[in-house]
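K.L.:
Sharing data_4.cif, mmCIF, C-alpha atoms; chains and numbers go by the auth columns:
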data_protein
loop_
_atom_site.group_PDB
_atom_site.id
_atom_site.type_symbol
_atom_site.label_atom_id
_atom_site.label_comp_id
_atom_site.label_asym_id
_atom_site.label_seq_id
_atom_site.Cartn_x
_atom_site.Cartn_y
_atom_site.Cartn_z
_atom_site.B_iso_or_equiv
_atom_site.auth_seq_id
_atom_site.auth_asym_id
ATOM 1 C CA MET A 1 -129.215 -120.075 -102.660 0.00 23 A
ATOM 2 C CA LYS A 2 -126.264 -118.995 -100.525 0.00 24 A
ATOM 3 C CA ASN A 3 -124.827 -116.950 -103.408 0.00 25 A
ATOM 4 C CA PHE A 4 -128.188 -115.224 -103.852 0.00 26 A
ATOM 5 C CA LEU A 5 -128.303 -114.340 -100.150 0.00 27 A
ATOM 6 C CA VAL A 6 -124.760 -112.958 -100.255 0.00 28 A
ATOM 7 C CA ALA A 7 -125.633 -110.861 -103.320 0.00 29 A
ATOM 8 C CA VAL A 8 -128.754 -109.438 -101.647 0.00 30 A
ATOM 9 C CA VAL A 9 -126.832 -108.593 -98.462 0.00 31 A
ATOM 10 C CA ALA A 10 -124.127 -106.902 -100.548 0.00 32 A
ATOM 11 C CA LEU A 11 -126.736 -104.799 -102.378 0.00 33 A
ATOM 12 C CA ILE A 12 -128.400 -103.757 -99.116 0.00 34 A
ATOM 13 C CA MET A 13 -125.083 -102.814 -97.524 0.00 35 A
ATOM 14 C CA ASN A 14 -124.124 -100.866 -100.644 0.00 36 A
ATOM 15 C CA ALA A 15 -127.311 -98.803 -100.369 0.00 37 A
ATOM 16 C CA PHE A 16 -126.003 -97.284 -97.118 0.00 38 A
ATOM 17 C CA LEU A 17 -123.024 -95.758 -98.941 0.00 39 A
ATOM 18 C CA PHE A 18 -125.192 -93.211 -100.764 0.00 40 A
ATOM 19 C CA SER A 19 -126.276 -89.998 -99.096 0.00 41 A
ATOM 20 C CA CYS A 20 -129.817 -88.691 -99.309 0.00 42 A
ATOM 21 C CA THR A 21 -128.680 -85.074 -99.161 0.00 43 A
ATOM 22 C CA SER A 22 -127.187 -83.398 -102.188 0.00 44 A
ATOM 23 C CA ASP A 23 -124.513 -80.728 -102.164 0.00 45 A
ATOM 24 C CA SER A 24 -125.510 -77.358 -103.505 0.00 46 A
ATOM 25 C CA ILE A 25 -124.165 -76.295 -106.882 0.00 47 A
ATOM 26 C CA ALA A 26 -122.476 -73.275 -105.281 0.00 48 A
ATOM 27 C CA ASP A 27 -120.441 -75.582 -103.036 0.00 49 A
ATOM 28 C CA LYS A 28 -119.339 -77.658 -106.016 0.00 50 A
ATOM 29 C CA ASP A 29 -118.415 -74.578 -108.069 0.00 51 A
ATOM 30 C CA THR A 30 -116.010 -73.356 -105.389 0.00 52 A
ATOM 31 C CA LEU A 31 -113.891 -76.473 -105.969 0.00 53 A
ATOM 32 C CA TYR A 32 -113.065 -75.351 -109.507 0.00 54 A
ATOM 33 C CA GLU A 33 -112.405 -71.630 -108.982 0.00 55 A
ATOM 34 C CA THR A 34 -108.982 -70.342 -109.953 0.00 56 A
ATOM 35 C CA GLN A 35 -107.191 -68.561 -107.163 0.00 57 A
ATOM 36 C CA ALA A 36 -104.763 -65.781 -108.008 0.00 58 A
ATOM 37 C CA THR A 37 -101.142 -66.499 -107.132 0.00 59 A
ATOM 38 C CA GLU A 38 -99.540 -63.162 -108.066 0.00 60 A
ATOM 39 C CA GLY A 39 -101.328 -59.997 -109.064 0.00 61 A
ATOM 40 C CA ASP A 40 -104.954 -59.707 -110.042 0.00 62 A
ATOM 41 C CA ASP A 41 -104.864 -61.984 -113.093 0.00 63 A
ATOM 42 C CA GLY A 42 -103.206 -64.950 -111.402 0.00 64 A
ATOM 43 C CA ASP A 43 -100.099 -64.938 -113.598 0.00 65 A
ATOM 44 C CA PRO A 44 -96.791 -65.194 -111.715 0.00 66 A
ATOM 45 C CA ILE A 45 -94.413 -62.264 -112.013 0.00 67 A
ATOM 46 C CA THR A 46 -91.704 -62.926 -114.604 0.00 68 A
ATOM 47 C CA PRO A 47 -88.109 -62.516 -113.462 0.00 69 A
ATOM 48 C CA PRO A 48 -86.098 -59.587 -114.832 0.00 70 A
ATOM 49 C CA PRO A 49 -83.879 -60.276 -117.846 0.00 71 A
ATOM 50 C CA PRO A 50 -80.310 -61.342 -117.006 0.00 72 A
ATOM 51 C CA GLY A 51 -77.545 -58.761 -117.312 0.00 73 A
ATOM 52 C CA GLY A 52 -80.032 -56.019 -116.515 0.00 74 A
#
Please rewrite the model in this file as structure tokens.
P.N.:
Amino acid sequence: MKNFLVAVVALIMNAFLFSCTSDSIADKDTLYETQATEGDDGDPITPPPPGG
């Protein structure tokens, strides 16, 4: 009976970890956008050839 009570308390406490509000899809999409590092296409500038 004590194990059952501990399991029920653990389930109830676990229910408080979940949020009732959901994030918008636009907020989630901004996490995966590629940000440009150099230039417009995001490719870094290649160094000039040696002995130029």
K.L.:
How many Å lie between CA of Thr56 (chain A) and CA of Phe40 (chain A), rounded to one decimal?
P.N.:
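Between these atoms lies a distance of 29.5 Å.
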K.L.:
Would you mind reading off the distance between CA of Tyr54 (chain A) and CA of Asn36 (chain A), one decimal, in Å?
P.N.:
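Interatomic distance here is 29.2 Å.
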K.L.:
What's the separation between CA of Lys24 (chain A) and CA of Phe38 (chain A), in Å to one decimal place?
P.N.:
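Atom-to-atom, CA of Lys24 (chain A) and CA of Phe38 (chain A) are spaced 22.0 Å apart.
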K.L.:
Add whatever atoms are absent from region 31-52 of chain A to reach N, CA and C atoms, and provide the output as a CSV table (one decimal), in the coordinates of the input.
P.N.:
chain,number,residue,atom,x,y,z
A,31,VAL,N,-127.4,-109.3,-99.6
A,31,VAL,CA,-126.8,-108.6,-98.5
A,31,VAL,C,-125.8,-107.5,-99.0
A,32,ALA,N,-125.1,-107.9,-100.0
A,32,ALA,CA,-124.1,-106.9,-100.5
A,32,ALA,C,-124.9,-105.7,-101.1
A,33,LEU,N,-126.0,-105.9,-101.8
A,33,LEU,CA,-126.7,-104.8,-102.4
A,33,LEU,C,-127.3,-103.9,-101.3
A,34,ILE,N,-127.8,-104.5,-100.2
A,34,ILE,CA,-128.4,-103.8,-99.1
A,34,ILE,C,-127.3,-102.9,-98.4
A,35,MET,N,-126.2,-103.5,-98.2
A,35,MET,CA,-125.1,-102.8,-97.5
A,35,MET,C,-124.6,-101.7,-98.4
A,36,ASN,N,-124.6,-101.9,-99.7
A,36,ASN,CA,-124.1,-100.9,-100.6
A,36,ASN,C,-125.1,-99.7,-100.7
A,37,ALA,N,-126.3,-99.9,-100.4
A,37,ALA,CA,-127.3,-98.8,-100.4
A,37,ALA,C,-127.0,-97.8,-99.3
A,38,PHE,N,-126.3,-98.2,-98.2
A,38,PHE,CA,-126.0,-97.3,-97.1
A,38,PHE,C,-124.8,-96.4,-97.5
A,39,LEU,N,-124.1,-96.6,-98.6
A,39,LEU,CA,-123.0,-95.8,-98.9
A,39,LEU,C,-123.5,-94.5,-99.6
A,40,PHE,N,-124.7,-94.4,-100.1
A,40,PHE,CA,-125.2,-93.2,-100.8
A,40,PHE,C,-125.9,-92.3,-99.8
A,41,SER,N,-125.7,-91.0,-100.0
A,41,SER,CA,-126.3,-90.0,-99.1
A,41,SER,C,-127.6,-89.5,-99.7
A,42,CYS,N,-128.5,-89.2,-98.8
A,42,CYS,CA,-129.8,-88.7,-99.3
A,42,CYS,C,-129.8,-87.2,-99.5
A,43,THR,N,-128.8,-86.5,-99.0
A,43,THR,CA,-128.7,-85.1,-99.2
A,43,THR,C,-127.7,-84.8,-100.3
A,44,SER,N,-128.1,-83.8,-101.1
A,44,SER,CA,-127.2,-83.4,-102.2
A,44,SER,C,-126.5,-82.1,-101.9
A,45,ASP,N,-125.3,-82.0,-102.4
A,45,ASP,CA,-124.5,-80.7,-102.2
A,45,ASP,C,-125.1,-79.7,-103.1
A,46,SER,N,-125.0,-78.4,-102.7
A,46,SER,CA,-125.5,-77.4,-103.5
A,46,SER,C,-124.5,-77.1,-104.6
A,47,ILE,N,-125.0,-76.6,-105.7
A,47,ILE,CA,-124.2,-76.3,-106.9
A,47,ILE,C,-123.1,-75.3,-106.5
A,48,ALA,N,-123.4,-74.3,-105.7
A,48,ALA,CA,-122.5,-73.3,-105.3
A,48,ALA,C,-121.3,-73.9,-104.5
A,49,ASP,N,-121.5,-74.9,-103.7
A,49,ASP,CA,-120.4,-75.6,-103.0
A,49,ASP,C,-119.5,-76.3,-104.0
A,50,LYS,N,-120.1,-76.9,-105.0
A,50,LYS,CA,-119.3,-77.7,-106.0
A,50,LYS,C,-118.5,-76.7,-106.9
A,51,ASP,N,-119.1,-75.5,-107.2
A,51,ASP,CA,-118.4,-74.6,-108.1
A,51,ASP,C,-117.2,-74.0,-107.4
A,52,THR,N,-117.2,-73.9,-106.1
A,52,THR,CA,-116.0,-73.4,-105.4
A,52,THR,C,-114.8,-74.3,-105.5
